[in-house]
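Everything below belongs to structure-v3.txt, which stores compact mmCIF, C-alpha atoms.
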```txt
# COMPACT_ATOMS: atom_id res chain seq x y z
CA MET A 1 -14.35 20.95 -7.86
CA ALA A 2 -13.16 17.43 -8.63
CA LYS A 3 -14.65 14.57 -6.61
CA ILE A 4 -13.36 11.13 -5.75
CA PRO A 5 -14.85 8.47 -8.08
CA ILE A 6 -17.29 6.05 -6.45
CA ILE A 7 -17.36 2.49 -7.76
CA ASP A 8 -20.21 0.16 -6.90
CA MET A 9 -18.73 -3.33 -6.74
CA SER A 10 -22.15 -4.96 -6.94
CA ASP A 11 -22.29 -3.77 -10.56
CA ILE A 12 -19.82 -6.13 -12.21
CA SER A 13 -20.35 -4.74 -15.72
CA ASN A 14 -17.03 -3.29 -16.89
CA LEU A 15 -15.72 -3.33 -13.31
CA PRO A 16 -12.06 -3.91 -14.37
CA GLU A 17 -12.21 -1.02 -16.83
CA LYS A 18 -13.83 1.29 -14.24
CA LEU A 19 -11.14 0.49 -11.68
CA VAL A 20 -8.30 1.06 -14.15
CA LEU A 21 -9.77 4.36 -15.37
CA ALA A 22 -10.02 5.70 -11.80
CA CYS A 23 -6.47 4.54 -11.04
CA GLN A 24 -5.17 6.31 -14.14
CA GLU A 25 -7.01 9.59 -13.62
CA LEU A 26 -6.62 10.17 -9.88
CA GLY A 27 -5.24 7.04 -8.27
CA CYS A 28 -7.87 7.29 -5.55
CA LEU A 29 -11.48 6.08 -5.46
CA ARG A 30 -14.21 4.98 -3.07
CA LEU A 31 -15.65 1.46 -3.05
CA ILE A 32 -19.23 0.70 -2.07
CA ASN A 33 -20.94 -2.71 -1.80
CA HIS A 34 -17.49 -4.21 -1.37
CA GLY A 35 -18.57 -7.27 0.62
CA LEU A 36 -17.34 -6.35 4.11
CA PRO A 37 -20.30 -6.38 6.53
CA ILE A 38 -20.99 -2.92 7.98
CA SER A 39 -21.31 -4.45 11.45
CA LEU A 40 -17.83 -5.97 11.15
CA MET A 41 -16.39 -2.61 10.09
CA TYR A 42 -17.91 -0.90 13.12
CA ASP A 43 -16.71 -3.69 15.42
CA MET A 44 -13.17 -3.31 14.06
CA ARG A 45 -13.31 0.44 14.57
CA ALA A 46 -14.29 -0.14 18.21
CA VAL A 47 -11.40 -2.60 18.66
CA THR A 48 -8.99 -0.08 17.13
CA ARG A 49 -10.10 2.67 19.46
CA ALA A 50 -9.83 0.41 22.48
CA LEU A 51 -6.30 -0.73 21.59
CA LEU A 52 -5.06 2.77 20.85
CA ASP A 53 -6.47 3.95 24.19
CA LEU A 54 -4.12 1.53 25.97
CA PRO A 55 -1.17 2.95 27.95
CA VAL A 56 1.90 3.79 25.90
CA ASP A 57 3.99 1.10 27.60
CA VAL A 58 1.51 -1.54 26.39
CA LYS A 59 1.42 -0.15 22.83
CA MET A 60 5.24 -0.12 22.78
CA ARG A 61 5.15 -3.94 22.90
CA ASN A 62 4.18 -3.67 19.24
CA SER A 63 7.42 -1.81 18.45
CA ASN A 64 9.94 -3.22 15.98
CA PRO A 65 13.34 -1.52 16.55
CA GLN A 66 14.94 -3.35 13.59
CA GLU A 67 12.14 -2.38 11.19
CA PRO A 68 10.17 0.55 12.64
CA SER A 69 7.70 0.64 9.76
CA LYS A 70 6.41 -2.78 10.85
CA GLY A 71 5.61 -1.86 14.46
CA TYR A 72 4.06 0.79 16.68
CA THR A 73 4.42 4.38 15.53
CA LYS A 74 4.37 6.85 18.38
CA PRO A 75 3.78 10.60 18.00
CA ASN A 76 6.82 12.27 16.43
CA MET A 77 7.96 15.60 15.01
CA ALA A 78 6.52 14.87 11.57
CA SER A 79 3.16 13.70 12.98
CA PRO A 80 2.86 14.93 16.60
CA PHE A 81 -0.86 14.12 16.84
CA PHE A 82 -0.71 10.63 15.32
CA ASP A 83 0.03 7.14 16.60
CA SER A 84 -0.50 3.74 15.04
CA LEU A 85 -0.39 0.01 15.80
CA SER A 86 0.77 -2.42 13.12
CA LEU A 87 -0.14 -6.00 12.28
CA TYR A 88 2.39 -7.03 9.64
CA ASP A 89 1.62 -9.79 7.09
CA VAL A 90 -1.82 -10.51 8.49
CA VAL A 91 -2.31 -13.79 6.62
CA SER A 92 0.97 -15.39 7.73
CA PRO A 93 0.68 -18.16 10.36
CA GLY A 94 0.80 -16.79 13.87
CA ALA A 95 0.70 -13.10 12.91
CA ILE A 96 -2.67 -12.38 14.53
CA ASP A 97 -1.92 -14.53 17.58
CA GLY A 98 1.41 -12.77 18.07
CA PHE A 99 -0.15 -9.32 17.84
CA CYS A 100 -2.99 -10.26 20.19
CA ALA A 101 -0.52 -11.60 22.74
CA GLN A 102 1.43 -8.32 22.59
CA MET A 103 -1.70 -6.26 23.23
CA ASP A 104 -3.44 -8.60 25.73
CA VAL A 105 -6.36 -8.71 23.31
CA SER A 106 -9.58 -10.31 24.53
CA PRO A 107 -10.96 -13.43 22.78
CA LYS A 108 -13.81 -11.34 21.30
CA GLN A 109 -11.41 -8.69 19.99
CA ARG A 110 -9.21 -11.41 18.50
CA GLU A 111 -12.22 -12.90 16.70
CA ILE A 112 -13.12 -9.50 15.22
CA ILE A 113 -9.55 -8.88 14.05
CA HIS A 114 -9.41 -12.33 12.46
CA HIS A 115 -12.71 -11.92 10.58
CA TYR A 116 -11.86 -8.40 9.47
CA THR A 117 -8.39 -9.22 8.12
CA SER A 118 -9.66 -12.38 6.42
CA ALA A 119 -12.38 -10.42 4.63
CA LEU A 120 -9.90 -7.75 3.56
CA ALA A 121 -7.41 -10.35 2.29
CA GLN A 122 -10.12 -11.78 0.03
CA LEU A 123 -10.96 -8.29 -1.21
CA VAL A 124 -7.28 -7.68 -2.01
CA LYS A 125 -7.16 -10.77 -4.21
CA PHE A 126 -10.35 -9.78 -5.99
CA LEU A 127 -9.27 -6.19 -6.63
CA GLY A 128 -5.78 -7.26 -7.72
CA SER A 129 -7.19 -9.69 -10.26
CA LYS A 130 -9.69 -7.11 -11.59
CA LEU A 131 -6.94 -4.51 -11.98
CA MET A 132 -4.92 -6.99 -14.03
CA GLU A 133 -7.96 -7.78 -16.17
CA GLY A 134 -8.51 -4.06 -16.74
CA LEU A 135 -4.91 -3.80 -17.94
CA GLY A 136 -5.60 -6.55 -20.47
CA LEU A 137 -3.85 -9.30 -18.51
CA ASP A 138 -4.87 -12.61 -16.91
CA GLY A 139 -6.35 -11.78 -13.52
CA LEU A 140 -5.54 -15.25 -12.24
CA GLN A 141 -1.84 -14.33 -12.35
CA PHE A 142 -2.15 -11.74 -9.56
CA GLN A 143 0.73 -12.70 -7.31
CA GLU A 144 0.82 -13.28 -3.57
CA VAL A 145 1.34 -10.08 -1.59
CA ILE A 146 1.95 -8.99 1.99
CA CYS A 147 -0.93 -7.22 3.72
CA GLN A 148 0.00 -4.91 6.58
CA LEU A 149 -2.82 -3.59 8.79
CA LYS A 150 -2.33 -0.21 10.45
CA MET A 151 -4.72 0.99 13.16
CA ASN A 152 -4.44 4.77 13.38
CA ASN A 153 -5.50 7.55 15.73
CA TYR A 154 -5.24 11.27 15.10
CA ASN A 155 -5.53 12.86 18.54
CA TYR A 156 -6.68 16.40 17.80
CA GLY A 157 -7.34 19.26 20.22
CA PRO A 158 -8.47 22.89 19.81
CA GLU A 159 -4.89 24.00 19.15
CA THR A 160 -4.46 21.55 16.25
CA VAL A 161 -7.30 22.75 13.98
CA GLY A 162 -5.85 23.63 10.58
CA LYS A 163 -2.63 21.72 11.21
CA MET A 164 -1.44 18.56 9.46
CA GLY A 165 -2.08 15.15 10.97
CA ALA A 166 -0.07 13.58 8.17
CA ILE A 167 2.13 15.47 5.71
CA LEU A 168 1.69 15.23 1.95
CA HIS A 169 2.87 11.78 0.84
CA SER A 170 2.23 8.84 -1.44
CA ASP A 171 1.94 5.30 -0.12
CA VAL A 172 4.95 3.13 -0.81
CA GLY A 173 3.19 -0.11 -1.77
CA LEU A 174 1.00 -1.51 -4.52
CA PHE A 175 -2.30 -0.17 -3.23
CA THR A 176 -4.03 0.70 0.05
CA ILE A 177 -7.53 -0.03 1.31
CA LEU A 178 -8.69 2.42 3.97
CA GLN A 179 -11.62 2.37 6.33
CA ASP A 180 -11.81 6.05 7.16
CA ASP A 181 -13.64 7.76 10.00
CA ASP A 182 -17.35 8.15 9.25
CA ASP A 183 -17.61 11.19 11.51
CA VAL A 184 -14.34 13.10 11.12
CA ASN A 185 -13.08 14.25 7.74
CA GLY A 186 -9.51 15.26 6.97
CA LEU A 187 -8.19 13.15 4.09
CA GLU A 188 -7.25 15.23 1.03
CA ALA A 189 -5.91 13.90 -2.30
CA VAL A 190 -4.09 15.77 -5.03
CA ASP A 191 -5.78 15.94 -8.42
CA ASN A 192 -3.06 14.68 -10.77
CA THR A 193 -4.22 16.96 -13.60
CA THR A 194 -4.76 20.28 -11.83
CA GLY A 195 -2.62 19.86 -8.73
CA GLU A 196 -5.57 20.91 -6.57
CA LEU A 197 -6.43 19.24 -3.28
CA VAL A 198 -9.64 17.20 -3.34
CA SER A 199 -11.42 16.45 -0.07
CA VAL A 200 -12.09 12.72 0.33
CA ASP A 201 -15.37 13.15 2.19
CA PRO A 202 -16.49 10.25 4.41
CA MET A 203 -19.21 7.89 3.23
CA PRO A 204 -20.37 5.42 5.92
CA GLY A 205 -19.87 1.79 5.01
CA SER A 206 -17.48 2.50 2.13
CA LEU A 207 -13.75 1.97 1.67
CA VAL A 208 -11.14 4.26 0.13
CA PHE A 209 -8.78 2.64 -2.39
CA ASN A 210 -5.60 4.34 -3.57
CA ILE A 211 -2.54 3.47 -5.64
CA GLY A 212 0.99 3.58 -4.20
CA ASP A 213 4.47 3.89 -5.71
CA VAL A 214 4.79 0.17 -6.47
CA GLY A 215 1.41 0.31 -8.24
CA LYS A 216 2.74 3.01 -10.55
CA VAL A 217 5.75 0.85 -11.45
CA TRP A 218 3.65 -2.32 -11.70
CA SER A 219 1.35 -0.64 -14.27
CA ASN A 220 4.31 0.74 -16.29
CA GLY A 221 3.40 4.29 -15.34
CA ARG A 222 -0.29 4.06 -16.21
CA PHE A 223 -1.52 4.29 -12.61
CA CYS A 224 -1.19 7.44 -10.52
CA ASN A 225 0.53 7.06 -7.14
CA VAL A 226 -1.77 9.62 -5.60
CA LYS A 227 -0.35 12.22 -3.23
CA HIS A 228 -2.49 12.77 -0.16
CA GLN A 229 -2.44 14.32 3.30
CA VAL A 230 -4.51 14.46 6.46
CA LYS A 231 -5.59 17.81 7.89
CA CYS A 232 -7.24 18.55 11.22
CA TYR A 233 -10.72 19.90 10.54
CA LYS A 234 -12.07 19.78 14.10
CA PRO A 235 -10.77 19.10 17.63
CA THR A 236 -11.65 15.45 18.15
CA THR A 237 -10.16 11.99 17.67
CA ARG A 238 -10.06 10.63 14.11
CA THR A 239 -9.72 6.83 13.82
CA THR A 240 -8.83 5.01 10.60
CA ILE A 241 -7.81 1.46 9.62
CA ALA A 242 -5.50 1.03 6.62
CA LEU A 243 -4.46 -2.14 4.84
CA PHE A 244 -1.23 -1.63 2.90
CA VAL A 245 -0.69 -4.14 0.09
CA LEU A 246 3.05 -4.71 -0.34
CA PRO A 247 5.30 -6.92 -2.49
CA GLN A 248 6.58 -10.20 -1.07
CA ASN A 249 9.84 -9.80 0.85
CA ASN A 250 12.03 -11.49 -1.77
CA ALA A 251 10.17 -10.28 -4.85
CA LYS A 252 11.58 -7.65 -7.18
CA VAL A 253 9.41 -4.64 -7.95
CA GLU A 254 9.08 -4.48 -11.72
CA VAL A 255 6.69 -3.69 -14.52
CA LEU A 256 4.18 -6.47 -15.18
CA PRO A 257 5.71 -8.50 -18.05
CA GLY A 258 2.46 -8.46 -19.99
CA LEU A 259 2.63 -4.66 -20.24
CA VAL A 260 6.05 -4.67 -21.92
CA GLY A 261 6.56 -4.98 -25.68
CA PRO A 262 8.21 -3.34 -28.70
CA ASP A 263 5.84 -0.37 -28.48
CA HIS A 264 5.74 -0.33 -24.67
CA PRO A 265 9.24 -0.56 -23.17
CA PRO A 266 9.52 -0.73 -19.37
CA LEU A 267 9.65 2.74 -17.81
CA TYR A 268 11.30 1.46 -14.63
CA ALA A 269 14.17 -0.93 -13.96
CA PRO A 270 13.50 -3.70 -11.41
CA PHE A 271 14.43 -2.92 -7.80
CA ASP A 272 14.30 -4.32 -4.29
CA PHE A 273 11.31 -3.08 -2.29
CA GLU A 274 13.02 -2.73 1.09
CA HIS A 275 15.89 -0.87 -0.58
CA TYR A 276 13.36 1.48 -2.15
CA ARG A 277 11.57 2.03 1.16
CA LYS A 278 14.87 3.02 2.81
CA LEU A 279 15.82 5.19 -0.18
CA ARG A 280 12.57 7.11 0.14
CA SER A 281 13.43 7.85 3.75
CA SER A 282 17.10 8.69 3.26
CA THR A 283 16.44 11.04 0.33
CA GLY A 284 13.43 12.75 1.91
CA SER A 285 11.05 11.61 -0.82
CA PRO A 286 7.63 11.23 0.84
CA THR A 287 5.72 11.67 -2.42
CA GLY A 288 7.57 9.04 -4.44
CA GLU A 289 10.32 11.17 -5.95
CA ALA A 290 12.78 8.32 -5.29
CA LEU A 291 11.22 6.40 -8.20
CA GLU A 292 13.28 8.65 -10.46
CA PHE A 293 16.38 6.64 -9.49
CA PHE A 294 14.89 3.63 -11.30
CA GLN A 295 13.52 5.33 -14.40
CA THR A 296 14.80 4.05 -17.71
CA ASN A 297 15.74 6.36 -20.59
CA GLN A 298 12.27 5.81 -22.00
CA GLU A 299 10.71 7.47 -18.94
CA SER A 300 13.10 10.41 -19.03
CA LEU A 301 12.20 11.06 -22.67
CA LYS A 302 8.44 11.23 -22.01
```
Go ahead and express the file in the form of structure tokens.
Amino acid sequence: MAKIPIIDMSDISNLPEKLVLACQELGCLRLINHGLPISLMYDMRAVTRALLDLPVDVKMRNSNPQEPSKGYTKPNMASPFFDSLSLYDVVSPGAIDGFCAQMDVSPKQREIIHHYTSALAQLVKFLGSKLMEGLGLDGLQFQEVICQLKMNNYNYGPETVGKMGAILHSDVGLFTILQDDDDVNGLEAVDNTTGELVSVDPMPGSLVFNIGDVGKVWSNGRFCNVKHQVKCYKPTTRTTIALFVLPQNNAKVEVLPGLVGPDHPPLYAPFDFEHYRKLRSSTGSPTGEALEFFQTNQESLK
């Protein structure tokens, strides 16, 4: 059975090429020796659990009625066992302070959130530049992005074993960095070649990296926007922390210019990210089918 590639980031030899190969073949990989202290990861997991144990009326302060994807997600018909807090654009001035004020976060918890998001933001820049290098481009041209932190709980009981905590989907953005639960498995990715589900087994101290829809466009179709789901394996709480890397609000989603030429026409026309996010929802396209609306004739002839 296929396994998720593991990339050791302490081995810098051919790191860009290794990342690109994994993104092309499966679109999902596991990072070890990534630079985030293990103690900080465990501290952030404890903060996440504490915040998601708060009463619903407190968590609802994180809601964003105008843009629901940027606020608290409460259990719903699609994911009845799941809820999530959101810290949108973590590096923007005041974002962390605003979130901490909403949640009545303690000074120690605020410090942990700040250190964790800062470390992840640096990792995003590094990975983005290495992906560009692996594609044969200048890594220094990796553009500014928005990083959205999601703190997630899957609240499972005996009656939920075998059911879905999250339906099959692809992520909408460029890429995602996930700190999964060391103790509770459940993440499954689709092998792009065989269509089989591959269990993304936990590995303490590591991070899961996967490509989203924007990443597929960005790479001119070379990267796989991996489909994945979460299944309940046992009746207990599963806690994860995801960082979604998204385009800037006013930026067009388009193929990287350096990947376009006479022999490599763009496979996708430029589009607005927020329009695409809404189109995915309105057309019921959780696994990225809405990208077909932006395919050029070159893509349709493949």
Residues within 12 Å of (-11.9, 25.4, 18.7), counting all atoms listed in the file, listed as a list of chain:residue names: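 Residues satisfying the cut-off, written out: A:Tyr156, A:Gly157, A:Pro158, A:Glu159, A:Thr160, A:Val161, A:Gly162, A:Cys232, A:Tyr233, A:Lys234, A:Pro235, A:Thr236.
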Point-to-point distance in Å for atom CA of A:Leu51 and atom CA of A:Lys74: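 Result for atom CA of A:Lys74 versus atom CA of A:Leu51: 13.5 Å, one decimal.
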Polymer residues at most 10 Å from (-6.8, -7.2, -14.4) by all atoms listed in the file, as a ChimeraX atom specification: /A:15-17,19-20,126-142
Selection file, C-alpha atoms, as a PDB file, in the coordinates of the input:
```
ATOM      1  CA  LEU A  15     -15.720  -3.330 -13.310  1.00  0.00           C
ATOM      2  CA  PRO A  16     -12.060  -3.910 -14.370  1.00  0.00           C
ATOM      3  CA  GLU A  17     -12.210  -1.020 -16.830  1.00  0.00           C
ATOM      4  CA  LEU A  19     -11.140   0.490 -11.680  1.00  0.00           C
ATOM      5  CA  VAL A  20      -8.300   1.060 -14.150  1.00  0.00           C
ATOM      6  CA  PHE A 126     -10.350  -9.780  -5.990  1.00  0.00           C
ATOM      7  CA  LEU A 127      -9.270  -6.190  -6.630  1.00  0.00           C
ATOM      8  CA  GLY A 128      -5.780  -7.260  -7.720  1.00  0.00           C
ATOM      9  CA  SER A 129      -7.190  -9.690 -10.260  1.00  0.00           C
ATOM     10  CA  LYS A 130      -9.690  -7.110 -11.590  1.00  0.00           C
ATOM     11  CA  LEU A 131      -6.940  -4.510 -11.980  1.00  0.00           C
ATOM     12  CA  MET A 132      -4.920  -6.990 -14.030  1.00  0.00           C
ATOM     13  CA  GLU A 133      -7.960  -7.780 -16.170  1.00  0.00           C
ATOM     14  CA  GLY A 134      -8.510  -4.060 -16.740  1.00  0.00           C
ATOM     15  CA  LEU A 135      -4.910  -3.800 -17.940  1.00  0.00           C
ATOM     16  CA  GLY A 136      -5.600  -6.550 -20.470  1.00  0.00           C
ATOM     17  CA  LEU A 137      -3.850  -9.300 -18.510  1.00  0.00           C
ATOM     18  CA  ASP A 138      -4.870 -12.610 -16.910  1.00  0.00           C
ATOM     19  CA  GLY A 139      -6.350 -11.780 -13.520  1.00  0.00           C
ATOM     20  CA  LEU A 140      -5.540 -15.250 -12.240  1.00  0.00           C
ATOM     21  CA  GLN A 141      -1.840 -14.330 -12.350  1.00  0.00           C
ATOM     22  CA  PHE A 142      -2.150 -11.740  -9.560  1.00  0.00           C
TER      23      PHE A 142
END
```
Residue among A:Pro247, A:Pro5, A:Pro75, A:Pro270 lying closest to A:Glu144, counting all atoms listed in the file: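 Once distances to A:Glu144 are computed over all atoms listed in the file, the minimum belongs to A:Pro247.
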Two-atom distance - atom CA of A:Ser92, atom CA of A:Thr48 (Å): 20.5 Å
Rows by chain and residue number, stretch 72-187 of chain A within 9 Å of stretch 23-45 of chain A, shortest pair, only C-alpha atoms, as CSV:
```
residue,atom,partner,partner_atom,distance
A:Gln109,CA,A:Met44,CA,8.2
A:Ile112,CA,A:Met44,CA,6.3
A:Ile113,CA,A:Met44,CA,6.6
A:His115,CA,A:Leu40,CA,7.9
A:Tyr116,CA,A:Leu40,CA,6.7
A:Ala119,CA,A:Leu36,CA,6.4
A:Leu120,CA,A:Leu36,CA,7.6
A:Leu123,CA,A:His34,CA,7.7
A:Met151,CA,A:Arg45,CA,8.7
A:Gln179,CA,A:Met41,CA,7.9
A:Asp181,CA,A:Arg45,CA,8.6
```
Selected residue, from A:Ala242, A:Met60, A:Val217, A:Val230, that lies nearest to A:Pro257 when counting only C-alpha atoms: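 The shortest atom-to-atom distance to A:Pro257 comes from A:Val217.
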Given only C-alpha atoms as the counted atoms, nearest of A:Ile167, A:Leu291, A:Leu259, A:Ala46 to A:Asp213: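 Closest residue, counting only C-alpha atoms: A:Leu291.
Atom CA of A:Asp8 is found 12.8 Å from atom CA of A:Met203.
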From A:Cys224, A:Ile241, A:Val56, A:Ala121, residue lying nearest A:Val145 [all atoms listed in the file]: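 Looking at the shortest contact to A:Val145, the residue is A:Ala121.
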Counting all atoms listed in the file, the residue of A:Pro286, A:Gly71, A:Pro266, A:Pro204 that sits nearest A:Leu149: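 Smallest distance to A:Leu149 is found for A:Gly71.
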Would you mind completing stretch 221-231 of chain A to all heavy atoms and writing the output as a compact mmCIF listing (two decimals), keeping the file's coordinate frame?
```
# COMPACT_ATOMS: atom_id res chain seq x y z
N GLY A 221 3.67 2.86 -15.33
CA GLY A 221 3.40 4.29 -15.34
C GLY A 221 1.97 4.69 -15.64
O GLY A 221 1.65 5.88 -15.63
N ARG A 222 1.10 3.72 -15.88
CA ARG A 222 -0.29 4.06 -16.21
C ARG A 222 -1.07 4.53 -14.99
O ARG A 222 -1.92 5.41 -15.09
CB ARG A 222 -0.99 2.86 -16.86
CG ARG A 222 -0.52 2.59 -18.28
CD ARG A 222 -1.17 1.35 -18.87
NE ARG A 222 -2.63 1.47 -18.96
CZ ARG A 222 -3.41 0.54 -19.49
NH1 ARG A 222 -2.89 -0.58 -19.96
NH2 ARG A 222 -4.72 0.71 -19.53
N PHE A 223 -0.80 3.94 -13.83
CA PHE A 223 -1.52 4.29 -12.61
C PHE A 223 -0.86 5.48 -11.92
O PHE A 223 0.36 5.65 -11.99
CB PHE A 223 -1.58 3.11 -11.65
CG PHE A 223 -2.44 1.96 -12.10
CD1 PHE A 223 -2.41 0.75 -11.44
CD2 PHE A 223 -3.29 2.09 -13.19
CE1 PHE A 223 -3.20 -0.32 -11.84
CE2 PHE A 223 -4.09 1.03 -13.61
CZ PHE A 223 -4.04 -0.16 -12.94
N CYS A 224 -1.67 6.25 -11.24
CA CYS A 224 -1.19 7.44 -10.52
C CYS A 224 -0.98 7.10 -9.04
O CYS A 224 -1.92 6.69 -8.37
CB CYS A 224 -2.22 8.56 -10.67
SG CYS A 224 -1.89 10.00 -9.64
N ASN A 225 0.25 7.25 -8.57
CA ASN A 225 0.53 7.06 -7.14
C ASN A 225 0.12 8.35 -6.41
O ASN A 225 0.90 9.25 -6.20
CB ASN A 225 2.00 6.72 -6.89
CG ASN A 225 2.97 7.74 -7.48
OD1 ASN A 225 2.65 8.44 -8.45
ND2 ASN A 225 4.15 7.82 -6.91
N VAL A 226 -1.13 8.39 -6.04
CA VAL A 226 -1.77 9.62 -5.60
C VAL A 226 -1.11 10.21 -4.35
O VAL A 226 -0.83 9.51 -3.38
CB VAL A 226 -3.28 9.40 -5.35
CG1 VAL A 226 -3.51 8.35 -4.26
CG2 VAL A 226 -3.98 10.70 -4.99
N LYS A 227 -0.85 11.50 -4.40
CA LYS A 227 -0.35 12.22 -3.23
C LYS A 227 -1.55 12.60 -2.36
O LYS A 227 -2.59 13.03 -2.87
CB LYS A 227 0.40 13.48 -3.66
CG LYS A 227 1.58 13.22 -4.58
CD LYS A 227 2.16 14.53 -5.11
CE LYS A 227 3.25 14.28 -6.13
NZ LYS A 227 3.75 15.54 -6.72
N HIS A 228 -1.38 12.46 -1.06
CA HIS A 228 -2.49 12.77 -0.16
C HIS A 228 -1.96 13.22 1.19
O HIS A 228 -0.78 13.00 1.52
CB HIS A 228 -3.43 11.58 -0.01
CG HIS A 228 -2.77 10.29 0.38
ND1 HIS A 228 -2.00 9.55 -0.51
CD2 HIS A 228 -2.74 9.61 1.54
CE1 HIS A 228 -1.54 8.48 0.09
NE2 HIS A 228 -1.97 8.49 1.35
N GLN A 229 -2.81 13.84 1.97
CA GLN A 229 -2.44 14.32 3.30
C GLN A 229 -3.66 14.25 4.20
O GLN A 229 -4.79 14.03 3.75
CB GLN A 229 -1.93 15.76 3.22
CG GLN A 229 -2.98 16.77 2.74
CD GLN A 229 -2.42 18.16 2.53
OE1 GLN A 229 -1.22 18.34 2.28
NE2 GLN A 229 -3.27 19.17 2.62
N VAL A 230 -3.41 14.43 5.50
CA VAL A 230 -4.51 14.46 6.46
C VAL A 230 -4.43 15.78 7.23
O VAL A 230 -3.38 16.11 7.79
CB VAL A 230 -4.44 13.28 7.44
CG1 VAL A 230 -5.58 13.36 8.46
CG2 VAL A 230 -4.51 11.95 6.69
N LYS A 231 -5.54 16.51 7.23
CA LYS A 231 -5.59 17.81 7.89
C LYS A 231 -6.61 17.77 9.03
O LYS A 231 -7.64 17.09 8.93
CB LYS A 231 -5.99 18.89 6.87
CG LYS A 231 -5.83 20.32 7.34
CD LYS A 231 -6.09 21.28 6.19
CE LYS A 231 -5.90 22.72 6.61
NZ LYS A 231 -6.12 23.66 5.47
```
